[in-house]
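Raw contents of structure02.tsv, TSV, C-alpha atoms and all ligand atoms:
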```
chain	number	residue	atom	x	y	z
A	1	MET	CA	68.77	29.38	21.22
A	2	ARG	CA	66.11	29.73	23.83
A	3	ILE	CA	62.46	28.71	23.49
A	4	ASP	CA	60.87	32.06	24.35
A	5	ARG	CA	57.22	31.25	24.07
A	6	ALA	CA	54.79	28.42	23.40
A	7	VAL	CA	51.18	28.81	22.32
A	8	LEU	CA	48.72	25.92	22.37
A	9	ARG	CA	45.44	26.36	20.55
A	10	GLU	CA	42.37	24.24	19.95
A	11	LEU	CA	40.22	24.78	16.92
A	12	PRO	CA	37.29	22.71	15.72
A	13	LEU	CA	37.46	21.89	12.03
A	14	GLU	CA	34.53	20.26	10.30
A	15	LEU	CA	35.34	17.35	7.98
A	16	ARG	CA	33.62	17.52	4.60
A	17	GLU	CA	32.26	14.08	5.29
A	18	PHE	CA	31.66	11.90	8.32
A	19	PHE	CA	34.57	9.47	8.74
A	20	GLU	CA	33.73	6.11	10.32
A	21	ILE	CA	36.16	3.43	11.50
A	22	SER	CA	35.34	0.20	13.34
A	23	SER	CA	35.49	1.91	16.75
A	24	GLY	CA	33.35	4.95	15.89
A	25	GLY	CA	33.02	8.04	13.71
A	26	THR	CA	34.25	11.63	13.45
A	27	GLN	CA	32.56	14.65	11.90
A	28	ALA	CA	34.34	17.58	13.54
A	29	ARG	CA	38.03	17.28	14.36
A	30	ARG	CA	39.35	19.06	17.43
A	31	ILE	CA	42.65	20.30	16.04
A	32	LEU	CA	45.36	21.11	18.59
A	33	LEU	CA	48.05	23.39	17.19
A	34	LEU	CA	51.32	24.16	18.93
A	35	THR	CA	53.51	27.16	18.11
A	36	LEU	CA	57.03	27.52	19.50
A	37	GLU	CA	58.74	30.89	19.24
A	38	SER	CA	62.49	31.25	19.42
A	39	GLY	CA	64.65	34.19	18.31
A	40	GLY	CA	61.90	35.56	16.06
A	41	ILE	CA	61.14	32.21	14.41
A	42	SER	CA	57.71	30.56	14.73
A	43	ALA	CA	57.59	26.78	14.48
A	44	TRP	CA	54.43	24.71	14.20
A	45	SER	CA	53.04	21.27	14.89
A	46	GLU	CA	49.72	19.54	15.34
A	47	CYS	CA	48.72	17.03	18.01
A	48	VAL	CA	46.85	14.13	16.38
A	49	ALA	CA	44.86	12.91	19.39
A	50	GLY	CA	41.17	12.37	18.60
A	51	GLU	CA	37.99	13.23	20.43
A	52	THR	CA	37.48	9.77	21.95
A	53	PRO	CA	39.93	7.15	23.27
A	54	GLY	CA	38.95	4.69	20.50
A	55	TYR	CA	42.15	4.62	18.43
A	56	SER	CA	44.53	5.40	21.29
A	57	TYR	CA	43.98	6.09	24.98
A	58	GLU	CA	44.96	9.69	24.29
A	59	THR	CA	42.30	12.27	23.48
A	60	ALA	CA	42.37	15.97	22.65
A	61	ASP	CA	41.64	16.59	26.35
A	62	THR	CA	44.35	14.32	27.79
A	63	ALA	CA	46.86	15.81	25.35
A	64	TRP	CA	45.80	19.34	26.33
A	65	HIS	CA	46.24	18.38	29.99
A	66	VAL	CA	49.67	16.78	29.56
A	67	LEU	CA	50.93	19.61	27.35
A	68	THR	CA	49.69	22.46	29.56
A	69	ARG	CA	50.40	20.85	32.94
A	70	TRP	CA	53.85	19.39	32.26
A	71	LEU	CA	55.43	19.55	28.82
A	72	LEU	CA	55.06	23.21	27.85
A	73	PRO	CA	55.84	24.74	31.28
A	74	ALA	CA	59.06	22.68	31.32
A	75	LEU	CA	59.90	23.54	27.73
A	76	VAL	CA	59.74	27.34	27.71
A	77	GLY	CA	62.97	29.02	28.76
A	78	THR	CA	65.11	25.99	27.90
A	79	GLU	CA	67.97	26.17	25.44
A	80	PHE	CA	67.29	24.35	22.21
A	81	ASP	CA	69.93	23.20	19.78
A	82	ASP	CA	69.00	19.89	18.25
A	83	ALA	CA	65.54	18.39	17.64
A	84	ARG	CA	67.07	14.94	18.11
A	85	HIS	CA	67.89	15.79	21.72
A	86	LEU	CA	64.64	17.47	22.66
A	87	GLU	CA	63.57	15.43	25.64
A	88	VAL	CA	61.37	17.41	27.97
A	89	VAL	CA	60.08	15.86	31.20
A	90	PRO	CA	61.87	12.53	30.68
A	91	TRP	CA	60.06	10.92	33.62
A	92	LEU	CA	56.65	11.41	32.01
A	93	ARG	CA	55.40	8.07	30.74
A	94	GLY	CA	53.29	7.42	27.69
A	95	HIS	CA	51.21	10.15	26.04
A	96	PRO	CA	53.20	9.94	22.79
A	97	MET	CA	50.73	12.13	20.89
A	98	ALA	CA	51.15	15.00	23.36
A	99	ARG	CA	54.91	14.52	23.37
A	100	ALA	CA	55.08	14.30	19.57
A	101	ALA	CA	53.54	17.76	19.26
A	102	VAL	CA	56.49	19.26	21.16
A	103	GLU	CA	59.06	17.19	19.33
A	104	MET	CA	57.69	17.92	15.85
A	105	ALA	CA	57.53	21.66	16.47
A	106	GLY	CA	61.18	21.30	17.53
A	107	TRP	CA	62.07	19.85	14.11
A	108	ASP	CA	60.29	22.68	12.33
A	109	LEU	CA	62.15	25.15	14.53
A	110	GLU	CA	65.54	23.63	13.82
A	111	ALA	CA	64.85	23.44	10.07
A	112	LYS	CA	63.73	27.08	9.95
A	113	ARG	CA	66.74	28.18	11.98
A	114	ARG	CA	69.07	26.40	9.55
A	115	ASN	CA	66.99	27.74	6.67
A	116	VAL	CA	66.44	24.27	5.19
A	117	SER	CA	63.29	22.30	4.48
A	118	LEU	CA	62.09	19.76	7.03
A	119	ARG	CA	62.55	17.17	4.28
A	120	ALA	CA	66.25	18.06	4.01
A	121	LEU	CA	66.73	18.06	7.78
A	122	LEU	CA	65.15	14.58	8.01
A	123	GLY	CA	67.39	13.31	5.21
A	124	GLY	CA	64.72	12.75	2.57
A	125	SER	CA	65.62	13.12	-1.06
A	126	VAL	CA	62.59	12.99	-3.36
A	127	ASP	CA	60.49	16.06	-4.17
A	128	ALA	CA	57.10	14.31	-4.34
A	129	VAL	CA	55.62	11.27	-2.60
A	130	PRO	CA	52.98	8.75	-3.77
A	131	VAL	CA	49.56	9.29	-2.27
A	132	GLY	CA	46.68	7.09	-1.16
A	133	VAL	CA	43.27	7.80	0.30
A	134	SER	CA	41.43	6.26	3.25
A	135	ILE	CA	37.68	5.75	2.86
A	136	GLY	CA	35.56	5.46	6.00
A	137	ILE	CA	32.93	2.74	6.44
A	138	GLN	CA	30.02	3.52	4.10
A	139	GLN	CA	26.34	2.80	4.68
A	140	SER	CA	25.98	0.91	1.39
A	141	ASP	CA	28.13	-0.85	-1.19
A	142	ARG	CA	26.85	1.65	-3.79
A	143	ALA	CA	28.19	4.59	-1.77
A	144	LEU	CA	31.54	2.85	-1.38
A	145	LEU	CA	31.81	2.04	-5.09
A	146	ASP	CA	31.05	5.67	-5.99
A	147	LYS	CA	33.79	6.89	-3.64
A	148	ILE	CA	36.33	4.41	-5.02
A	149	GLU	CA	35.54	5.40	-8.56
A	150	ALA	CA	35.89	9.12	-7.81
A	151	HIS	CA	39.17	8.72	-5.91
A	152	ASP	CA	40.60	6.38	-8.53
A	153	ARG	CA	39.80	8.97	-11.17
A	154	GLU	CA	41.53	11.66	-9.10
A	155	GLY	CA	44.70	9.58	-9.35
A	156	TYR	CA	45.14	8.15	-5.84
A	157	ARG	CA	47.61	5.27	-5.94
A	158	LYS	CA	46.21	3.27	-3.04
A	159	ILE	CA	42.64	3.05	-1.85
A	160	LYS	CA	42.20	2.04	1.77
A	161	ILE	CA	38.81	0.75	2.79
A	162	LYS	CA	37.80	0.67	6.44
A	163	ILE	CA	36.22	-2.63	7.43
A	164	LYS	CA	34.46	-4.12	10.45
A	165	PRO	CA	32.61	-7.41	11.06
A	166	GLY	CA	29.55	-7.41	8.83
A	167	ARG	CA	31.12	-4.94	6.37
A	168	ASP	CA	34.08	-6.91	5.13
A	169	VAL	CA	34.55	-9.98	2.91
A	170	GLU	CA	31.30	-9.71	0.96
A	171	MET	CA	31.79	-5.98	0.52
A	172	LEU	CA	35.39	-6.45	-0.66
A	173	HIS	CA	34.21	-9.01	-3.23
A	174	VAL	CA	31.74	-6.46	-4.59
A	175	VAL	CA	34.59	-3.95	-4.81
A	176	ARG	CA	36.73	-6.44	-6.74
A	177	GLU	CA	33.89	-7.27	-9.15
A	178	HIS	CA	33.66	-3.59	-10.09
A	179	PHE	CA	37.34	-2.64	-9.79
A	180	PRO	CA	39.52	-5.68	-10.48
A	181	GLU	CA	42.67	-3.58	-11.00
A	182	VAL	CA	42.52	-0.75	-8.45
A	183	PRO	CA	45.18	-1.03	-5.71
A	184	VAL	CA	43.03	-1.69	-2.64
A	185	MET	CA	43.81	-2.44	1.00
A	186	ALA	CA	41.64	-2.84	4.10
A	187	ASP	CA	42.00	-1.35	7.60
A	188	ALA	CA	40.17	-3.04	10.49
A	189	ASN	CA	41.38	-0.91	13.42
A	190	SER	CA	41.51	-4.00	15.68
A	191	ALA	CA	37.93	-5.11	15.03
A	192	TYR	CA	38.69	-8.85	14.91
A	193	THR	CA	39.97	-11.63	17.14
A	194	LEU	CA	41.97	-14.64	16.11
A	195	GLU	CA	39.67	-16.90	18.08
A	196	ALA	CA	36.41	-15.81	16.46
A	197	ASP	CA	37.43	-14.49	13.04
A	198	LEU	CA	40.31	-16.50	11.56
A	199	GLU	CA	38.11	-17.95	8.83
A	200	ARG	CA	36.71	-14.55	7.87
A	201	LEU	CA	40.19	-13.00	7.76
A	202	ALA	CA	41.57	-15.90	5.70
A	203	ALA	CA	38.72	-15.44	3.22
A	204	MET	CA	40.12	-12.00	2.42
A	205	ASP	CA	43.05	-13.75	0.69
A	206	ASP	CA	40.74	-14.01	-2.33
A	207	CYS	CA	40.26	-10.23	-2.52
A	208	ASP	CA	43.70	-9.37	-3.88
A	209	LEU	CA	44.43	-6.81	-1.15
A	210	MET	CA	47.76	-4.99	-0.98
A	211	MET	CA	47.59	-5.59	2.77
A	212	ILE	CA	45.25	-5.79	5.74
A	213	GLU	CA	45.98	-3.18	8.40
A	214	GLN	CA	45.73	-3.87	12.14
A	215	PRO	CA	43.14	-6.67	12.07
A	216	LEU	CA	43.70	-7.74	15.71
A	217	SER	CA	44.17	-6.18	19.13
A	218	HIS	CA	46.11	-2.94	19.41
A	219	GLU	CA	48.43	-4.55	21.92
A	220	ASP	CA	48.96	-8.06	20.62
A	221	LEU	CA	51.94	-8.83	18.39
A	222	LEU	CA	51.85	-12.58	19.07
A	223	GLU	CA	48.36	-13.01	17.65
A	224	HIS	CA	49.25	-10.98	14.57
A	225	ALA	CA	52.22	-13.33	14.08
A	226	ALA	CA	49.93	-16.34	14.34
A	227	LEU	CA	47.52	-14.76	11.86
A	228	GLN	CA	50.25	-13.89	9.36
A	229	LYS	CA	51.28	-17.56	9.32
A	230	CYS	CA	47.73	-18.52	8.26
A	231	ILE	CA	47.04	-15.93	5.55
A	232	SER	CA	48.86	-14.83	2.42
A	233	THR	CA	47.67	-11.19	2.48
A	234	PRO	CA	50.44	-9.09	4.08
A	235	VAL	CA	49.53	-7.83	7.54
A	236	CYS	CA	50.34	-4.15	8.15
A	237	LEU	CA	50.68	-2.92	11.73
A	238	ASP	CA	49.39	0.48	12.82
A	239	GLU	CA	48.13	0.76	16.44
A	240	SER	CA	50.48	-2.02	17.67
A	241	ILE	CA	53.66	-0.13	16.81
A	242	ARG	CA	54.37	2.66	19.26
A	243	SER	CA	58.17	2.70	19.18
A	244	ALA	CA	61.24	1.32	17.43
A	245	GLY	CA	61.28	-1.34	20.16
A	246	ASP	CA	57.80	-2.48	19.11
A	247	ALA	CA	58.97	-2.56	15.49
A	248	ARG	CA	61.95	-4.73	16.42
A	249	LEU	CA	59.67	-7.10	18.28
A	250	ALA	CA	57.23	-7.27	15.35
A	251	LEU	CA	60.11	-8.06	12.97
A	252	HIS	CA	61.42	-10.72	15.29
A	253	LEU	CA	58.00	-12.34	15.74
A	254	GLU	CA	57.01	-11.80	12.08
A	255	SER	CA	53.79	-10.15	13.22
A	256	GLY	CA	53.26	-8.80	9.72
A	257	ARG	CA	55.24	-7.62	6.71
A	258	ILE	CA	54.57	-3.87	6.56
A	259	ILE	CA	54.39	-0.98	9.05
A	260	ASN	CA	52.30	2.18	8.92
A	261	ILE	CA	54.28	4.95	10.63
A	262	LYS	CA	52.41	7.91	12.12
A	263	PRO	CA	54.76	10.32	13.84
A	264	GLY	CA	52.03	11.38	16.27
A	265	ARG	CA	51.43	7.80	17.41
A	266	VAL	CA	55.10	7.00	18.00
A	267	GLY	CA	56.15	10.15	19.88
A	268	GLY	CA	57.51	12.16	16.97
A	269	LEU	CA	59.89	12.25	14.04
A	270	LYS	CA	63.00	10.89	15.73
A	271	SER	CA	61.10	7.77	16.71
A	272	SER	CA	59.59	7.58	13.20
A	273	LEU	CA	63.09	7.70	11.68
A	274	ALA	CA	64.21	4.91	14.02
A	275	ILE	CA	61.25	2.71	13.01
A	276	HIS	CA	61.96	3.49	9.36
A	277	ASP	CA	65.61	2.45	9.79
A	278	VAL	CA	64.75	-0.80	11.58
A	279	CYS	CA	62.24	-1.76	8.87
A	280	ARG	CA	64.52	-0.77	6.00
A	281	ALA	CA	67.36	-2.90	7.36
A	282	ALA	CA	64.96	-5.86	7.54
A	283	GLY	CA	63.40	-5.28	4.12
A	284	TRP	CA	59.93	-4.36	5.42
A	285	PRO	CA	58.29	-1.54	3.44
A	286	VAL	CA	56.73	1.31	5.41
A	287	TRP	CA	54.24	4.05	4.57
A	288	CYS	CA	53.10	7.17	6.33
A	289	GLY	CA	49.65	6.99	7.92
A	290	GLY	CA	47.37	9.90	8.71
A	291	MET	CA	45.07	11.01	11.52
A	292	LEU	CA	42.81	13.38	9.56
A	293	GLU	CA	45.31	16.19	10.11
A	294	SER	CA	45.03	19.77	9.00
A	295	GLY	CA	47.71	21.10	6.66
A	296	ILE	CA	50.09	21.60	9.60
A	297	GLY	CA	50.29	17.93	10.55
A	298	ARG	CA	50.13	16.91	6.90
A	299	ALA	CA	53.25	18.96	6.12
A	300	HIS	CA	55.24	16.99	8.71
A	301	ASN	CA	53.92	13.71	7.29
A	302	VAL	CA	54.82	14.62	3.71
A	303	ALA	CA	58.38	15.51	4.77
A	304	LEU	CA	58.75	12.18	6.62
A	305	ALA	CA	57.42	10.21	3.64
A	306	THR	CA	60.39	11.37	1.51
A	307	LEU	CA	62.67	8.90	3.32
A	308	PRO	CA	63.72	5.99	1.09
A	309	GLY	CA	61.94	3.21	3.04
A	310	PHE	CA	58.53	4.82	2.41
A	311	THR	CA	57.95	2.82	-0.75
A	312	LEU	CA	54.16	2.52	-0.45
A	313	PRO	CA	51.65	5.38	-0.94
A	314	GLY	CA	50.82	7.19	2.32
A	315	ASP	CA	47.48	8.34	3.77
A	316	ILE	CA	48.50	11.88	2.87
A	317	SER	CA	45.54	12.95	0.80
A	318	GLU	CA	44.77	16.37	-0.62
A	319	SER	CA	43.50	19.16	1.65
A	320	LYS	CA	40.18	19.16	-0.18
A	321	ARG	CA	39.58	15.49	0.63
A	322	TYR	CA	39.18	16.57	4.28
A	323	TRP	CA	38.31	20.28	4.45
A	324	ALA	CA	36.27	22.88	2.62
A	325	GLU	CA	39.23	25.15	3.38
A	326	ASP	CA	42.54	24.19	4.96
A	327	ILE	CA	44.34	26.34	7.55
A	328	VAL	CA	47.61	26.55	5.59
A	329	THR	CA	48.66	28.08	2.35
A	330	PRO	CA	49.27	26.72	-0.16
A	331	GLU	CA	46.85	23.84	0.36
A	332	PHE	CA	48.01	20.27	-0.36
A	333	LYS	CA	47.16	19.25	-3.90
A	334	MET	CA	48.49	16.23	-5.74
A	335	VAL	CA	49.85	15.97	-9.23
A	336	ASP	CA	49.48	12.61	-11.01
A	337	GLY	CA	48.94	10.75	-7.73
A	338	MET	CA	52.04	12.35	-6.18
A	339	MET	CA	52.12	14.98	-3.43
A	340	PRO	CA	54.75	17.65	-4.12
A	341	VAL	CA	56.89	18.31	-1.04
A	342	PRO	CA	56.80	21.96	0.08
A	343	GLU	CA	60.17	23.57	-0.57
A	344	GLY	CA	60.36	26.50	1.86
A	345	PRO	CA	62.19	26.38	5.20
A	346	GLY	CA	60.78	23.96	7.80
A	347	ILE	CA	57.34	22.55	7.05
A	348	GLY	CA	57.21	24.83	4.01
A	349	VAL	CA	53.54	25.84	4.30
A	350	ARG	CA	52.28	29.01	5.99
A	351	PRO	CA	49.63	28.90	8.70
A	352	ARG	CA	46.74	31.22	7.80
A	353	MET	CA	46.87	33.26	10.99
A	354	SER	CA	43.62	35.21	10.73
A	355	ARG	CA	41.68	32.06	9.92
A	356	ILE	CA	43.38	30.17	12.76
A	357	GLU	CA	42.71	32.98	15.27
A	358	SER	CA	39.07	33.24	14.30
A	359	LEU	CA	38.52	29.47	14.62
A	360	THR	CA	40.37	29.13	17.95
A	361	THR	CA	38.14	28.12	20.87
A	362	ARG	CA	40.83	27.88	23.54
A	363	LYS	CA	44.36	29.08	23.78
A	364	GLN	CA	47.07	28.95	26.42
A	365	VAL	CA	50.33	30.89	26.29
A	366	PHE	CA	53.57	29.94	28.08
A	367	GLU	CA	56.32	32.48	28.44
A	368	ALA	CA	59.87	32.08	29.64
B	401	LIG	O1	43.67	3.75	11.34
B	401	LIG	O2	44.72	4.86	9.91
B	401	LIG	C1	43.84	4.81	10.76
B	401	LIG	C2	41.95	8.13	10.87
B	401	LIG	C3	41.70	8.23	12.21
B	401	LIG	C4	42.11	7.22	13.05
B	401	LIG	C5	42.77	6.10	12.54
B	401	LIG	C6	43.05	6.00	11.19
B	401	LIG	C7	42.59	7.02	10.33
B	401	LIG	C8	42.75	6.99	8.89
B	401	LIG	C9	42.73	8.32	8.17
B	401	LIG	O3	42.78	5.98	8.24
B	401	LIG	C10	43.87	8.53	7.27
B	401	LIG	C11	43.93	9.97	6.81
B	401	LIG	O4	44.35	10.85	7.60
B	401	LIG	O5	43.57	10.22	5.67
B	402	MG	MG	45.04	2.33	10.60
```

What is this structure when it is put down as structure tokens?
Ligand code: OSB
Ligand code: MG
Amino acid sequence: MRIDRAVLRELPLELREFFEISSGGTQARRILLLTLESGGISAWSECVAGETPGYSYETADTAWHVLTRWLLPALVGTEFDDARHLEVVPWLRGHPMARAAVEMAGWDLEAKRRNVSLRALLGGSVDAVPVGVSIGIQQSDRALLDKIEAHDREGYRKIKIKIKPGRDVEMLHVVREHFPEVPVMADANSAYTLEADLERLAAMDDCDLMMIEQPLSHEDLLEHAALQKCISTPVCLDESIRSAGDARLALHLESGRIINIKPGRVGGLKSSLAIHDVCRAAGWPVWCGGMLESGIGRAHNVALATLPGFTLPGDISESKRYWAEDIVTPEFKMVDGMMPVPEGPGIGVRPRMSRIESLTTRKQVFEA
């Protein structure tokens, strides 16, 4: 089957609340949506690149550039049979978030063509996945405690708290005083160094955390290995793992004990499956991270999280945790702390076309 047409759109989508991580904050997401059309089928994906190069070097603008200049012109008109063999512009280095958008739309296309769910095509078996929530850095401990209480009451099974120097150990102790039992983890987004902060990081061992995510540099597996030797809290890697090769290296070095897999960060679903398989064989649990996606990206994440190695709750929160109104129907809503997996063909949720068109601020069409 031929890829007849590709449409790339950008639409701003306002978060219900400002989301701050150690490298900066986000209020309005710049959502990039990709549609591939083939034989009357429309397949969808979302590019997860952010506004600023603070989490990754990629941004919404670099992804737009790479997609419109190279990936999409090369893609349209090509024959497509298997999402696992979708390798456009093989010489193009890096830019996994841009590349993942193409690859993930390919999976949705193949699933829809076979009339199966994306979950089934990926090999997942369960029909709901455990859900966590990620809370941005708050201005006060009071604000944080209120958020934890509300999310705990909603049924989230893991509460992730963003930390940075100055908003960490003392704050986590306050959290534990109020919520001794709630499953809590911390995410530092590379805000610390081994040289300056070992004592501070080791002090978090008293906070009963499920794990600490990406405490050190985004490109240093050796230092994470040295840290893991000194602390009992499991280290979870996010930014440092960009491929199955990185995962193998992390396992070999013992740079942590858990991996957060985000398909957008690692170039797509095939790469995510490979990381999952490597971790499962080694006995490392994985969970599916998030990048403040709309319902389109979320649908891909939920399908991925049905694989058996995803034993920890993912950052796959409800639509209403992010948006006043999502751009898909039905919206994502959890039941008893579990996210039901959409059952229809492909991603299983329908893009709300009139809402998407009216929000779109730029659009580029590629035709075979
Ligand atoms: O480090 O996991 C992260 C959002 C933007 C950039 C980086 C991260 C995050 C999150 C949000 O934690 C998770 C979500 O989508 O709910
Ligand atoms: Mg993270």

- Find, counting all atoms listed in the file, the residue in A:Leu227, A:Leu304, A:Leu249, A:Ala49 that gets nearest to ligand LIG 401 (chain B). A:Ala49

Determine the axis-aligned bounding box of all atoms of ligand LIG 401 (chain B) present in the file, pad each side by 6 Å, and express its centre and edge lengths in Å to one decimal place as lines of an AutoDock Vina configuration file.
```
center_x = 43.2
center_y = 7.3
center_z = 9.4
size_x = 15.0
size_y = 19.1
size_z = 19.4
```

- Message: Taking 5 positions as the minimum chain separation for residues in the same chain, which residues sit within 8 Å of His224 (chain A) when counting only C-alpha atoms? Answer as JSON, numbers by chain.
- Response: {"A": [215, 216, 235, 255, 256]}

- Item | Protein and nucleic acid residues within 8 Å of ligand MG 402 (chain B) (only C-alpha atoms and all ligand atoms) as a PyMOL selection string | chain A and resi 187-189+213-214+237-239+260+289

- Item | Given 9 Å and only C-alpha atoms and all ligand atoms, residues near ligand LIG 401 (chain B) as a ChimeraX atom specification | /A:19-21,25-26,48-50,54-56,132-136,160-162,187-189,213-214,238-239,260,262,289-293,298,314-318,321-322
